[in-house]
>>> print(open('run37.cif').read())   # mmCIF, C-alpha atoms
data_work
#
loop_
_atom_site.label_atom_id
_atom_site.label_comp_id
_atom_site.auth_asym_id
_atom_site.auth_seq_id
_atom_site.Cartn_x
_atom_site.Cartn_y
_atom_site.Cartn_z
CA MET A 1 51.68 93.85 -78.95
CA ILE A 2 50.97 90.20 -79.73
CA PRO A 3 47.17 89.80 -79.88
CA ASP A 4 45.52 87.96 -76.98
CA SER A 5 44.03 85.57 -79.54
CA HIS A 6 47.46 84.24 -80.53
CA VAL A 7 49.76 84.85 -77.57
CA ASP A 8 49.41 81.15 -76.64
CA LEU A 9 51.62 80.42 -79.66
CA VAL A 10 54.42 82.22 -77.79
CA THR A 11 53.71 81.03 -74.25
CA GLY A 12 52.99 77.44 -75.35
CA ALA A 13 55.32 74.86 -76.87
CA SER A 14 55.14 75.87 -80.55
CA PHE A 15 58.15 75.80 -82.81
CA ALA A 16 59.04 79.23 -84.15
CA HIS A 17 60.71 79.39 -87.54
CA VAL A 18 63.13 82.29 -87.31
CA ALA A 19 64.08 84.18 -90.48
CA THR A 20 67.39 86.04 -90.37
CA ILE A 21 69.69 87.59 -92.96
CA GLY A 22 72.91 85.71 -93.73
CA PRO A 23 76.36 87.12 -94.47
CA ASP A 24 75.64 87.55 -98.19
CA GLY A 25 72.26 89.16 -97.59
CA GLU A 26 70.41 85.89 -98.15
CA PRO A 27 67.43 84.80 -96.04
CA GLN A 28 67.90 81.90 -93.64
CA SER A 29 65.21 80.00 -91.71
CA THR A 30 65.57 77.79 -88.64
CA PRO A 31 63.08 76.26 -86.21
CA VAL A 32 63.70 77.18 -82.57
CA TRP A 33 62.12 76.85 -79.15
CA ILE A 34 60.80 80.08 -77.71
CA ASP A 35 59.37 81.57 -74.58
CA GLY A 36 57.85 84.95 -73.89
CA ASP A 37 54.67 86.90 -73.49
CA ALA A 38 52.65 89.54 -75.33
CA THR A 39 55.54 91.99 -75.54
CA THR A 40 58.77 89.95 -75.63
CA VAL A 41 59.91 86.72 -77.26
CA ARG A 42 63.12 84.94 -76.32
CA PHE A 43 64.99 82.07 -77.90
CA SER A 44 68.19 80.19 -77.11
CA GLN A 45 71.20 80.13 -79.37
CA THR A 46 74.67 78.63 -79.30
CA THR A 47 77.32 81.18 -80.15
CA SER A 48 78.80 78.87 -82.80
CA ARG A 49 75.72 78.99 -85.03
CA GLN A 50 75.47 81.33 -87.98
CA LYS A 51 72.17 82.73 -86.73
CA TYR A 52 74.09 84.21 -83.79
CA GLU A 53 76.35 86.11 -86.18
CA ASN A 54 73.37 87.07 -88.32
CA VAL A 55 71.39 88.81 -85.61
CA GLN A 56 74.40 90.79 -84.46
CA ARG A 57 74.93 92.07 -88.00
CA GLU A 58 71.21 92.63 -88.71
CA PRO A 59 68.97 92.74 -85.63
CA ARG A 60 65.74 92.66 -87.62
CA LEU A 61 64.16 89.22 -87.81
CA ALA A 62 60.84 87.52 -88.35
CA MET A 63 59.38 84.37 -86.88
CA SER A 64 56.31 82.37 -87.76
CA MET A 65 54.64 79.61 -85.85
CA VAL A 66 51.64 77.41 -86.47
CA ASP A 67 49.35 75.86 -83.89
CA MET A 68 50.30 72.16 -83.91
CA ASP A 69 46.66 71.29 -83.12
CA ASN A 70 45.27 73.53 -85.86
CA PRO A 71 47.86 74.34 -88.50
CA TYR A 72 45.56 76.89 -90.16
CA ARG A 73 46.02 79.08 -87.13
CA TYR A 74 49.29 80.95 -87.22
CA LEU A 75 51.20 83.97 -86.03
CA GLU A 76 53.97 85.89 -87.71
CA ILE A 77 56.04 88.32 -85.67
CA ARG A 78 58.42 90.86 -87.17
CA GLY A 79 60.70 92.65 -84.79
CA ARG A 80 64.23 93.20 -83.74
CA VAL A 81 66.77 91.72 -81.38
CA VAL A 82 67.08 94.08 -78.43
CA ASP A 83 69.33 92.00 -76.18
CA ILE A 84 71.73 89.07 -76.31
CA SER A 85 72.87 87.83 -72.90
CA ASP A 86 74.81 84.86 -71.60
CA ASP A 87 72.56 82.01 -70.53
CA ALA A 88 74.11 81.80 -67.06
CA ASP A 89 74.12 78.21 -65.75
CA ASN A 90 72.04 77.30 -68.83
CA ALA A 91 68.98 78.37 -66.87
CA PHE A 92 67.05 79.47 -69.94
CA ILE A 93 67.74 76.45 -72.17
CA ASP A 94 66.91 74.18 -69.25
CA ALA A 95 63.61 76.00 -68.75
CA LEU A 96 62.88 75.48 -72.47
CA ALA A 97 63.72 71.77 -72.13
CA LYS A 98 61.18 71.61 -69.30
CA LYS A 99 58.55 73.35 -71.42
CA TYR A 100 59.12 71.41 -74.66
CA LEU A 101 60.39 68.03 -73.44
CA GLY A 102 59.27 67.83 -69.83
CA GLU A 103 62.90 67.33 -68.81
CA ASP A 104 64.71 69.18 -66.04
CA SER A 105 67.80 69.91 -68.11
CA TYR A 106 68.55 70.22 -71.79
CA PRO A 107 69.69 66.78 -73.00
CA TYR A 108 71.49 67.80 -76.19
CA HIS A 109 74.40 69.85 -74.89
CA GLN A 110 77.55 69.40 -76.89
CA PRO A 111 81.03 69.83 -75.44
CA GLY A 112 82.06 73.47 -75.70
CA ASP A 113 78.57 74.81 -76.38
CA LYS A 114 78.13 78.32 -75.09
CA ARG A 115 74.54 79.53 -75.00
CA VAL A 116 72.97 82.95 -75.10
CA VAL A 117 69.43 84.22 -74.67
CA VAL A 118 68.24 86.28 -77.62
CA THR A 119 65.45 88.73 -76.75
CA VAL A 120 63.19 89.99 -79.53
CA GLU A 121 60.87 92.96 -79.35
CA PRO A 122 57.87 92.46 -81.67
CA GLU A 123 57.07 95.43 -83.91
CA HIS A 124 54.45 93.98 -86.24
CA THR A 125 52.30 90.85 -86.18
CA THR A 126 50.16 89.01 -88.70
CA THR A 127 47.69 86.34 -87.66
CA MET A 128 45.45 83.81 -89.34
CA GLY A 129 42.77 81.63 -87.79
CA MET B 1 69.92 67.91 -103.92
CA ILE B 2 67.55 67.34 -100.99
CA PRO B 3 68.81 64.27 -99.09
CA ASP B 4 66.78 61.07 -99.45
CA SER B 5 66.49 61.01 -95.67
CA HIS B 6 64.43 64.22 -95.61
CA VAL B 7 62.76 64.51 -99.02
CA ASP B 8 59.52 63.27 -97.44
CA LEU B 9 59.27 66.68 -95.78
CA VAL B 10 58.83 68.12 -99.28
CA THR B 11 56.69 65.41 -100.84
CA GLY B 12 54.51 65.03 -97.73
CA ALA B 13 52.10 67.48 -96.14
CA SER B 14 54.51 69.52 -94.02
CA PHE B 15 54.19 73.25 -93.60
CA ALA B 16 57.17 75.13 -94.96
CA HIS B 17 58.03 78.43 -93.31
CA VAL B 18 59.32 80.63 -96.11
CA ALA B 19 61.78 83.40 -95.33
CA THR B 20 61.93 86.27 -97.82
CA ILE B 21 63.33 89.79 -97.79
CA GLY B 22 60.82 92.63 -97.50
CA PRO B 23 60.87 96.02 -99.21
CA ASP B 24 63.06 97.59 -96.52
CA GLY B 25 65.50 94.69 -96.43
CA GLU B 26 63.81 93.12 -93.41
CA PRO B 27 63.25 89.35 -93.08
CA GLN B 28 59.70 88.03 -93.35
CA SER B 29 58.45 84.53 -92.53
CA THR B 30 55.23 82.83 -93.63
CA PRO B 31 53.97 79.24 -93.47
CA VAL B 32 52.96 77.82 -96.86
CA TRP B 33 51.91 74.56 -98.44
CA ILE B 34 54.49 73.04 -100.76
CA ASP B 35 54.98 70.28 -103.27
CA GLY B 36 58.07 69.05 -105.03
CA ASP B 37 60.78 66.46 -105.12
CA ALA B 38 64.51 66.16 -104.47
CA THR B 39 65.43 68.92 -106.89
CA THR B 40 62.49 71.37 -107.00
CA VAL B 41 60.07 72.84 -104.48
CA ARG B 42 56.95 74.73 -105.46
CA PHE B 43 54.49 76.81 -103.48
CA SER B 44 51.34 78.75 -104.30
CA GLN B 45 51.02 82.48 -103.90
CA THR B 46 48.36 85.10 -104.53
CA THR B 47 49.71 88.05 -106.47
CA SER B 48 48.34 90.47 -103.88
CA ARG B 49 50.60 89.23 -101.08
CA GLN B 50 53.82 90.96 -100.19
CA LYS B 51 55.78 87.71 -100.53
CA TYR B 52 55.00 87.81 -104.25
CA GLU B 53 56.64 91.22 -104.54
CA ASN B 54 59.51 90.12 -102.32
CA VAL B 55 60.61 87.15 -104.44
CA GLN B 56 60.53 89.21 -107.61
CA ARG B 57 62.82 91.80 -106.04
CA GLU B 58 65.08 89.23 -104.30
CA PRO B 59 64.81 85.66 -105.64
CA ARG B 60 66.86 84.14 -102.85
CA LEU B 61 64.78 82.57 -100.11
CA ALA B 62 64.94 79.94 -97.39
CA MET B 63 62.35 77.56 -96.06
CA SER B 64 62.34 75.32 -93.03
CA MET B 65 59.96 72.55 -92.14
CA VAL B 66 59.63 70.18 -89.22
CA ASP B 67 58.22 66.67 -89.24
CA MET B 68 54.83 67.02 -87.52
CA ASP B 69 55.26 63.50 -86.10
CA ASN B 70 58.77 64.18 -84.83
CA PRO B 71 59.47 67.88 -84.48
CA TYR B 72 63.18 67.24 -83.80
CA ARG B 73 63.53 66.16 -87.38
CA TYR B 74 63.77 69.10 -89.74
CA LEU B 75 64.97 70.35 -93.07
CA GLU B 76 66.14 73.80 -94.10
CA ILE B 77 66.42 74.62 -97.78
CA ARG B 78 68.15 77.71 -99.13
CA GLY B 79 67.72 78.42 -102.77
CA ARG B 80 66.30 80.78 -105.30
CA VAL B 81 63.10 81.35 -107.20
CA VAL B 82 63.67 80.21 -110.76
CA ASP B 83 60.14 80.53 -112.11
CA ILE B 84 56.84 82.23 -111.34
CA SER B 85 53.95 81.10 -113.55
CA ASP B 86 50.21 81.59 -113.60
CA ASP B 87 48.35 78.82 -111.84
CA ALA B 88 46.10 78.12 -114.82
CA ASP B 89 42.64 76.95 -113.74
CA ASN B 90 44.02 76.90 -110.16
CA ALA B 91 45.31 73.41 -110.91
CA PHE B 92 48.25 73.69 -108.53
CA ILE B 93 46.42 75.15 -105.53
CA ASP B 94 43.69 72.56 -105.99
CA ALA B 95 46.33 69.79 -106.00
CA LEU B 96 47.72 71.24 -102.76
CA ALA B 97 44.22 71.29 -101.25
CA LYS B 98 43.95 67.61 -102.13
CA LYS B 99 47.30 66.86 -100.53
CA TYR B 100 46.83 68.91 -97.35
CA LEU B 101 43.06 68.86 -96.82
CA GLY B 102 41.86 65.88 -98.83
CA GLU B 103 39.56 68.21 -100.76
CA ASP B 104 39.20 68.35 -104.55
CA SER B 105 39.38 72.13 -104.75
CA TYR B 106 40.86 74.86 -102.60
CA PRO B 107 38.09 76.05 -100.25
CA TYR B 108 39.52 79.45 -99.30
CA HIS B 109 39.47 81.34 -102.60
CA GLN B 110 38.68 85.01 -102.19
CA PRO B 111 37.01 87.08 -104.91
CA GLY B 112 39.67 88.51 -107.21
CA ASP B 113 42.45 86.17 -106.07
CA LYS B 114 44.97 85.51 -108.80
CA ARG B 115 47.35 82.68 -108.03
CA VAL B 116 50.83 81.85 -109.25
CA VAL B 117 53.11 78.86 -108.84
CA VAL B 118 56.50 79.79 -107.40
CA THR B 119 59.27 77.31 -108.26
CA VAL B 120 62.36 77.17 -106.05
CA GLU B 121 65.65 75.52 -106.92
CA PRO B 122 67.41 74.32 -103.74
CA GLU B 123 71.08 75.30 -103.48
CA HIS B 124 71.93 74.30 -99.92
CA THR B 125 70.21 72.14 -97.31
CA THR B 126 70.61 71.60 -93.58
CA THR B 127 69.01 68.68 -91.78
CA MET B 128 68.54 67.50 -88.24
CA GLY B 129 67.19 64.16 -87.03
#
>>> encode(input="run37.cif", output="structure tokens")
Amino acid sequence: MIPDSHVDLVTGASFAHVATIGPDGEPQSTPVWIDGDATTVRFSQTTSRQKYENVQREPRLAMSMVDMDNPYRYLEIRGRVVDISDDADNAFIDALAKKYLGEDSYPYHQPGDKRVVVTVEPEHTTTMG
Amino acid sequence: MIPDSHVDLVTGASFAHVATIGPDGEPQSTPVWIDGDATTVRFSQTTSRQKYENVQREPRLAMSMVDMDNPYRYLEIRGRVVDISDDADNAFIDALAKKYLGEDSYPYHQPGDKRVVVTVEPEHTTTMG
């Protein structure tokens, strides 16, 4: 689904800016870490953040990411949240910390944080560059 | 409105990922060049792009941008489109080309492109870092 030419923006350490719909129908945008492949994109979310509420109310979302080494190369993905699961033992956020920071565990945990893995199925992509 | 600590993400050459609402109510996300100050953010748009239709139908939007030199520093702006004006003589897109590319005029014009300047009034901001 995601073109071979731009799938590195998902598998690599790009920041994805995730657009969701807030409680009053307004757009919201937040940068997140992602992982995935040509058919699935996943990001981590604490259950206390509004984006977590947003995607349960409205599973459609979009995300865009630019190549940090060539910002005129970008990918937009539109799709929908198909699964939200507990991040057991923080395995997923720790894997993202390894990918993005080179650290074995996520260093920014806050007391009481509960994390989930949000899985997105791409339905439409736009690319440039 | 935009905190002093993060206004450089508007005045500088960061990419803003703009979240709008598409024709079927779905979120869309696109990276754009911006300019502005603590109270106003502007971006350029061709009238043929869907985002142009989107912001006329639903003037609320969000944009997020990360500091390219420190991606854990970011700014999210939620606000609304308060003006859409012709970019007479392409003065605004050329100024953006100067800011982002160091070039005197925008090098990617396509035949028939008609450009507007979209002005956003921030209503709420979130920062990290």
>>> residues_around(input="run37.cif", residues="Asp94 in chain A", least_positions_apart="3", cutoff="10 Å", atoms="only C-alpha atoms", output="MDAnalysis selection string")
chainID A and resid 44 87 89:91 97:107
>>> closest_atom_pairs(input="run37.cif", of="chain A", to="chain B", cutoff="10 Å", atoms="all atoms listed in the file", output="CSV")
residue,atom,partner,partner_atom,distance
A:Ser14,CA,B:Pro71,CA,9.9
A:Phe15,CA,B:Pro71,CA,8.2
A:Ala16,CA,B:His17,CA,9.3
A:His17,CA,B:His17,CA,6.4
A:Val18,CA,B:Ser29,CA,7.4
A:Ala19,CA,B:Ala19,CA,5.4
A:Thr20,CA,B:Pro27,CA,6.0
A:Ile21,CA,B:Pro27,CA,6.7
A:Gly25,CA,B:Gly25,CA,8.8
A:Glu26,CA,B:Arg60,CA,6.1
A:Pro27,CA,B:Leu61,CA,5.3
A:Gln28,CA,B:Ala62,CA,5.2
A:Ser29,CA,B:Ser64,CA,5.6
A:Thr30,CA,B:Ser64,CA,6.0
A:Pro31,CA,B:Ser64,CA,6.9
A:Glu58,CA,B:Glu26,CA,8.8
A:Pro59,CA,B:Glu26,CA,9.3
A:Arg60,CA,B:Glu26,CA,6.1
A:Leu61,CA,B:Pro27,CA,5.3
A:Ala62,CA,B:Gln28,CA,5.2
A:Met63,CA,B:Ser29,CA,5.7
A:Ser64,CA,B:Ser29,CA,5.7
A:Met65,CA,B:Pro31,CA,7.7
A:Val66,CA,B:Pro31,CA,7.6
A:Met68,CA,B:Met68,CA,7.7
A:Pro71,CA,B:Phe15,CA,8.2
A:Tyr72,CA,B:Pro31,CA,9.3
A:Tyr74,CA,B:Pro31,CA,8.0
A:Leu75,CA,B:Thr30,CA,8.7
A:Glu76,CA,B:Ser29,CA,6.7
A:Ile77,CA,B:Ser29,CA,8.2
A:Arg78,CA,B:Gln28,CA,6.9
A:Gly79,CA,B:Glu26,CA,9.2
A:Arg80,CA,B:Glu26,CA,9.7
A:Thr126,CA,B:Thr30,CA,9.4
>>> write_last_selection(input="run37.cif", atoms="C-alpha atoms", output="mmCIF file, keeping the file's coordinate frame")
data_model
loop_
_atom_site.group_PDB
_atom_site.id
_atom_site.type_symbol
_atom_site.label_atom_id
_atom_site.label_comp_id
_atom_site.auth_asym_id
_atom_site.auth_seq_id
_atom_site.Cartn_x
_atom_site.Cartn_y
_atom_site.Cartn_z
ATOM 1 C CA SER A 14 55.140 75.870 -80.550
ATOM 2 C CA PHE A 15 58.150 75.800 -82.810
ATOM 3 C CA ALA A 16 59.040 79.230 -84.150
ATOM 4 C CA HIS A 17 60.710 79.390 -87.540
ATOM 5 C CA VAL A 18 63.130 82.290 -87.310
ATOM 6 C CA ALA A 19 64.080 84.180 -90.480
ATOM 7 C CA THR A 20 67.390 86.040 -90.370
ATOM 8 C CA ILE A 21 69.690 87.590 -92.960
ATOM 9 C CA GLY A 25 72.260 89.160 -97.590
ATOM 10 C CA GLU A 26 70.410 85.890 -98.150
ATOM 11 C CA PRO A 27 67.430 84.800 -96.040
ATOM 12 C CA GLN A 28 67.900 81.900 -93.640
ATOM 13 C CA SER A 29 65.210 80.000 -91.710
ATOM 14 C CA THR A 30 65.570 77.790 -88.640
ATOM 15 C CA PRO A 31 63.080 76.260 -86.210
ATOM 16 C CA GLU A 58 71.210 92.630 -88.710
ATOM 17 C CA PRO A 59 68.970 92.740 -85.630
ATOM 18 C CA ARG A 60 65.740 92.660 -87.620
ATOM 19 C CA LEU A 61 64.160 89.220 -87.810
ATOM 20 C CA ALA A 62 60.840 87.520 -88.350
ATOM 21 C CA MET A 63 59.380 84.370 -86.880
ATOM 22 C CA SER A 64 56.310 82.370 -87.760
ATOM 23 C CA MET A 65 54.640 79.610 -85.850
ATOM 24 C CA VAL A 66 51.640 77.410 -86.470
ATOM 25 C CA MET A 68 50.300 72.160 -83.910
ATOM 26 C CA PRO A 71 47.860 74.340 -88.500
ATOM 27 C CA TYR A 72 45.560 76.890 -90.160
ATOM 28 C CA TYR A 74 49.290 80.950 -87.220
ATOM 29 C CA LEU A 75 51.200 83.970 -86.030
ATOM 30 C CA GLU A 76 53.970 85.890 -87.710
ATOM 31 C CA ILE A 77 56.040 88.320 -85.670
ATOM 32 C CA ARG A 78 58.420 90.860 -87.170
ATOM 33 C CA GLY A 79 60.700 92.650 -84.790
ATOM 34 C CA ARG A 80 64.230 93.200 -83.740
ATOM 35 C CA THR A 126 50.160 89.010 -88.700
#
>>> residues_around(input="run37.cif", residues="Val7 in chain B", least_positions_apart="2", cutoff="10 Å", atoms="only C-alpha atoms", output="CSV table (one decimal) with C-alpha atoms, in the frame of the given file")
chain,number,residue,atom,x,y,z
B,1,MET,CA,69.9,67.9,-103.9
B,2,ILE,CA,67.6,67.3,-101.0
B,3,PRO,CA,68.8,64.3,-99.1
B,4,ASP,CA,66.8,61.1,-99.4
B,5,SER,CA,66.5,61.0,-95.7
B,9,LEU,CA,59.3,66.7,-95.8
B,10,VAL,CA,58.8,68.1,-99.3
B,11,THR,CA,56.7,65.4,-100.8
B,12,GLY,CA,54.5,65.0,-97.7
B,36,GLY,CA,58.1,69.0,-105.0
B,37,ASP,CA,60.8,66.5,-105.1
B,38,ALA,CA,64.5,66.2,-104.5
B,39,THR,CA,65.4,68.9,-106.9
B,75,LEU,CA,65.0,70.4,-93.1
>>> closest_residue(input="run37.cif", among="B:Thr125, B:Gln50, B:Thr40, B:Gln45", to="Leu96 in chain B", atoms="only C-alpha atoms")
B:Gln45
>>> atom_distance(input="run37.cif", atom1="CA of Pro122 in chain B", atom2="CA of Val55 in chain B")
14.5 Å
>>> closest_residue(input="run37.cif", among="B:Gln56, B:Asn70, B:Thr47, B:Thr127", to="Asp113 in chain B", atoms="all atoms listed in the file")
B:Thr47
>>> atom_distance(input="run37.cif", atom1="CA of Pro23 in chain B", atom2="CA of Val118 in chain B")
18.7 Å
>>> closest_residue(input="run37.cif", among="B:Met128, B:Asp83, B:Ser48, B:Gly22", to="Arg115 in chain B", atoms="only C-alpha atoms")
B:Ser48
>>> atom_distance(input="run37.cif", atom1="CA of Val81 in chain A", atom2="CA of Pro111 in chain A")
26.8 Å
